[in-house]
file entry_20.pdb (PDB, C-alpha atoms)
ATOM      1  CA  MET X 652     -25.631  32.945  72.549
ATOM      2  CA  ARG X 653     -29.383  32.697  73.032
ATOM      3  CA  LEU X 654     -31.745  31.917  70.189
ATOM      4  CA  GLY X 655     -35.364  32.975  70.092
ATOM      5  CA  VAL X 656     -38.426  33.199  67.912
ATOM      6  CA  ASN X 657     -40.390  36.358  67.111
ATOM      7  CA  VAL X 658     -44.025  35.272  67.309
ATOM      8  CA  PRO X 659     -46.600  37.345  65.410
ATOM      9  CA  ASN X 660     -48.941  39.153  67.793
ATOM     10  CA  PHE X 661     -50.958  40.780  65.023
ATOM     11  CA  GLY X 662     -53.026  39.853  62.012
ATOM     12  CA  PRO X 663     -56.260  38.053  61.281
ATOM     13  CA  GLY X 664     -54.825  34.606  62.143
ATOM     14  CA  THR X 665     -53.717  35.676  65.600
ATOM     15  CA  ARG X 666     -55.950  34.152  68.254
ATOM     16  CA  ARG X 667     -55.423  33.016  71.849
ATOM     17  CA  ASP X 668     -55.151  29.349  70.898
ATOM     18  CA  VAL X 669     -52.586  30.167  68.187
ATOM     19  CA  LEU X 670     -50.499  32.257  70.605
ATOM     20  CA  ARG X 671     -50.603  29.446  73.181
ATOM     21  CA  ARG X 672     -49.510  26.928  70.545
ATOM     22  CA  TRP X 673     -46.636  29.211  69.455
ATOM     23  CA  ALA X 674     -45.404  29.500  73.057
ATOM     24  CA  ARG X 675     -45.482  25.752  73.627
ATOM     25  CA  THR X 676     -43.850  25.025  70.252
ATOM     26  CA  VAL X 677     -41.029  27.526  70.814
ATOM     27  CA  GLU X 678     -40.351  26.061  74.236
ATOM     28  CA  GLY X 679     -40.670  22.466  73.016
ATOM     29  CA  LEU X 680     -38.135  23.056  70.241
ATOM     30  CA  GLY X 681     -35.601  24.262  72.797
ATOM     31  CA  PHE X 682     -35.407  27.936  71.896
ATOM     32  CA  ASP X 683     -34.242  30.254  74.667
ATOM     33  CA  LEU X 684     -36.839  32.983  74.352
ATOM     34  CA  LEU X 685     -40.039  34.102  72.703
ATOM     35  CA  MET X 686     -40.456  37.659  71.411
ATOM     36  CA  VAL X 687     -43.359  39.722  70.074
ATOM     37  CA  SER X 688     -43.548  43.078  68.295
ATOM     38  CA  ASP X 689     -43.414  45.990  70.692
ATOM     39  CA  HIS X 690     -45.895  48.535  69.347
ATOM     40  CA  VAL X 691     -47.830  49.535  72.454
ATOM     41  CA  VAL X 692     -49.784  52.079  70.423
ATOM     42  CA  VAL X 693     -50.614  51.274  66.821
ATOM     43  CA  THR X 694     -50.122  54.428  64.767
ATOM     44  CA  PRO X 695     -51.933  54.837  61.430
ATOM     45  CA  ASP X 696     -48.818  53.935  59.401
ATOM     46  CA  VAL X 697     -48.268  50.750  61.438
ATOM     47  CA  GLY X 698     -51.977  49.910  61.202
ATOM     48  CA  GLU X 699     -51.798  50.132  57.402
ATOM     49  CA  GLN X 700     -48.787  47.819  57.203
ATOM     50  CA  TYR X 701     -49.862  45.260  59.824
ATOM     51  CA  PRO X 702     -53.506  44.125  59.913
ATOM     52  CA  ALA X 703     -55.702  44.021  63.006
ATOM     53  CA  PRO X 704     -55.888  42.714  65.606
ATOM     54  CA  PHE X 705     -52.612  43.917  67.100
ATOM     55  CA  TYR X 706     -52.273  42.539  70.631
ATOM     56  CA  GLU X 707     -50.475  44.647  73.243
ATOM     57  CA  PRO X 708     -47.034  43.050  73.817
ATOM     58  CA  PHE X 709     -46.708  42.938  77.607
ATOM     59  CA  THR X 710     -50.136  41.427  78.197
ATOM     60  CA  THR X 711     -49.536  38.960  75.355
ATOM     61  CA  LEU X 712     -46.176  37.858  76.795
ATOM     62  CA  ALA X 713     -47.648  37.482  80.282
ATOM     63  CA  TRP X 714     -50.466  35.366  78.893
ATOM     64  CA  GLN X 715     -48.034  33.215  76.878
ATOM     65  CA  ALA X 716     -45.870  32.720  79.961
ATOM     66  CA  LEU X 717     -48.785  30.837  81.530
ATOM     67  CA  ALA X 718     -48.514  28.239  78.742
ATOM     68  CA  THR X 719     -44.810  27.512  79.280
ATOM     69  CA  VAL X 720     -42.456  26.279  81.974
ATOM     70  CA  VAL X 721     -38.960  27.538  81.135
ATOM     71  CA  ALA X 722     -39.154  29.931  78.165
ATOM     72  CA  ASN X 723     -37.927  33.520  78.547
ATOM     73  CA  PHE X 724     -39.843  36.413  77.050
ATOM     74  CA  ASP X 725     -38.762  39.648  75.382
ATOM     75  CA  PRO X 726     -40.953  42.560  74.232
ATOM     76  CA  GLY X 727     -38.429  43.447  71.474
ATOM     77  CA  ASP X 728     -35.862  46.178  71.071
TER      78      ASP X 728
END
call {"tool": "encode", "arguments": {"input": "entry_20.pdb", "output": "structure tokens"}}
result
Amino acid sequence: MRLGVNVPNFGPGTRRDVLRRWARTVEGLGFDLLMVSDHVVVTPDVGEQYPAPFYEPFTTLAWQALATVVANFDPGD
């Protein structure tokens, strides 16, 4: 079994330094993977429920991979 953490890639508190810190923390705690929400296009109903900014998942995961050594990444189901 692999255990991971779903890191928020949306909302007013989401910044590059916060995403980098999440990636390093997840890896440092020994989790197997880091995940983010997978809405490539934010529809109006999603935009109402989840505040901006909403970072695109694949670019966000690639950027977070630069901050880690062994963590695996998953764009969600």
call {"tool": "residues_around", "arguments": {"input": "entry_20.pdb", "residues": "Val656 in chain X", "least_positions_apart": "2", "cutoff": "12 Å", "atoms": "only C-alpha atoms", "output": "ChimeraX atom specification"}}
result
/X:653-654,658-659,673-678,680-688,722-727
call {"tool": "write_last_selection", "arguments": {"input": "entry_20.pdb", "atoms": "C-alpha atoms", "output": "PDB file, keeping the file's coordinate frame"}}
result
ATOM      1  CA  ARG X 653     -29.383  32.697  73.032  1.00  0.00           C
ATOM      2  CA  LEU X 654     -31.745  31.917  70.189  1.00  0.00           C
ATOM      3  CA  VAL X 658     -44.025  35.272  67.309  1.00  0.00           C
ATOM      4  CA  PRO X 659     -46.600  37.345  65.410  1.00  0.00           C
ATOM      5  CA  TRP X 673     -46.636  29.211  69.455  1.00  0.00           C
ATOM      6  CA  ALA X 674     -45.404  29.500  73.057  1.00  0.00           C
ATOM      7  CA  ARG X 675     -45.482  25.752  73.627  1.00  0.00           C
ATOM      8  CA  THR X 676     -43.850  25.025  70.252  1.00  0.00           C
ATOM      9  CA  VAL X 677     -41.029  27.526  70.814  1.00  0.00           C
ATOM     10  CA  GLU X 678     -40.351  26.061  74.236  1.00  0.00           C
ATOM     11  CA  LEU X 680     -38.135  23.056  70.241  1.00  0.00           C
ATOM     12  CA  GLY X 681     -35.601  24.262  72.797  1.00  0.00           C
ATOM     13  CA  PHE X 682     -35.407  27.936  71.896  1.00  0.00           C
ATOM     14  CA  ASP X 683     -34.242  30.254  74.667  1.00  0.00           C
ATOM     15  CA  LEU X 684     -36.839  32.983  74.352  1.00  0.00           C
ATOM     16  CA  LEU X 685     -40.039  34.102  72.703  1.00  0.00           C
ATOM     17  CA  MET X 686     -40.456  37.659  71.411  1.00  0.00           C
ATOM     18  CA  VAL X 687     -43.359  39.722  70.074  1.00  0.00           C
ATOM     19  CA  SER X 688     -43.548  43.078  68.295  1.00  0.00           C
ATOM     20  CA  ALA X 722     -39.154  29.931  78.165  1.00  0.00           C
ATOM     21  CA  ASN X 723     -37.927  33.520  78.547  1.00  0.00           C
ATOM     22  CA  PHE X 724     -39.843  36.413  77.050  1.00  0.00           C
ATOM     23  CA  ASP X 725     -38.762  39.648  75.382  1.00  0.00           C
ATOM     24  CA  PRO X 726     -40.953  42.560  74.232  1.00  0.00           C
ATOM     25  CA  GLY X 727     -38.429  43.447  71.474  1.00  0.00           C
TER      26      GLY X 727
END
call {"tool": "atom_distance", "arguments": {"input": "entry_20.pdb", "atom1": "CA of Leu670 in chain X", "atom2": "CA of Thr711 in chain X"}}
result
8.3 Å
call {"tool": "atom_distance", "arguments": {"input": "entry_20.pdb", "atom1": "CA of Thr694 in chain X", "atom2": "CA of Glu707 in chain X"}}
result
12.9 Å
call {"tool": "closest_residue", "arguments": {"input": "entry_20.pdb", "among": "X:Asp668, X:Asn660, X:Met652, X:Ala718", "to": "Tyr706 in chain X", "atoms": "all atoms listed in the file"}}
result
X:Asn660
call {"tool": "atom_distance", "arguments": {"input": "entry_20.pdb", "atom1": "CA of Pro695 in chain X", "atom2": "CA of Gly662 in chain X"}}
result
15.0 Å
call {"tool": "closest_residue", "arguments": {"input": "entry_20.pdb", "among": "X:Thr710, X:Tyr701, X:Thr719, X:His690", "to": "Phe661 in chain X", "atoms": "only C-alpha atoms"}}
result
X:Tyr701
call {"tool": "closest_residue", "arguments": {"input": "entry_20.pdb", "among": "X:Phe705, X:Val697, X:Ala716, X:Gly679", "to": "Arg666 in chain X", "atoms": "all atoms listed in the file"}}
result
X:Phe705
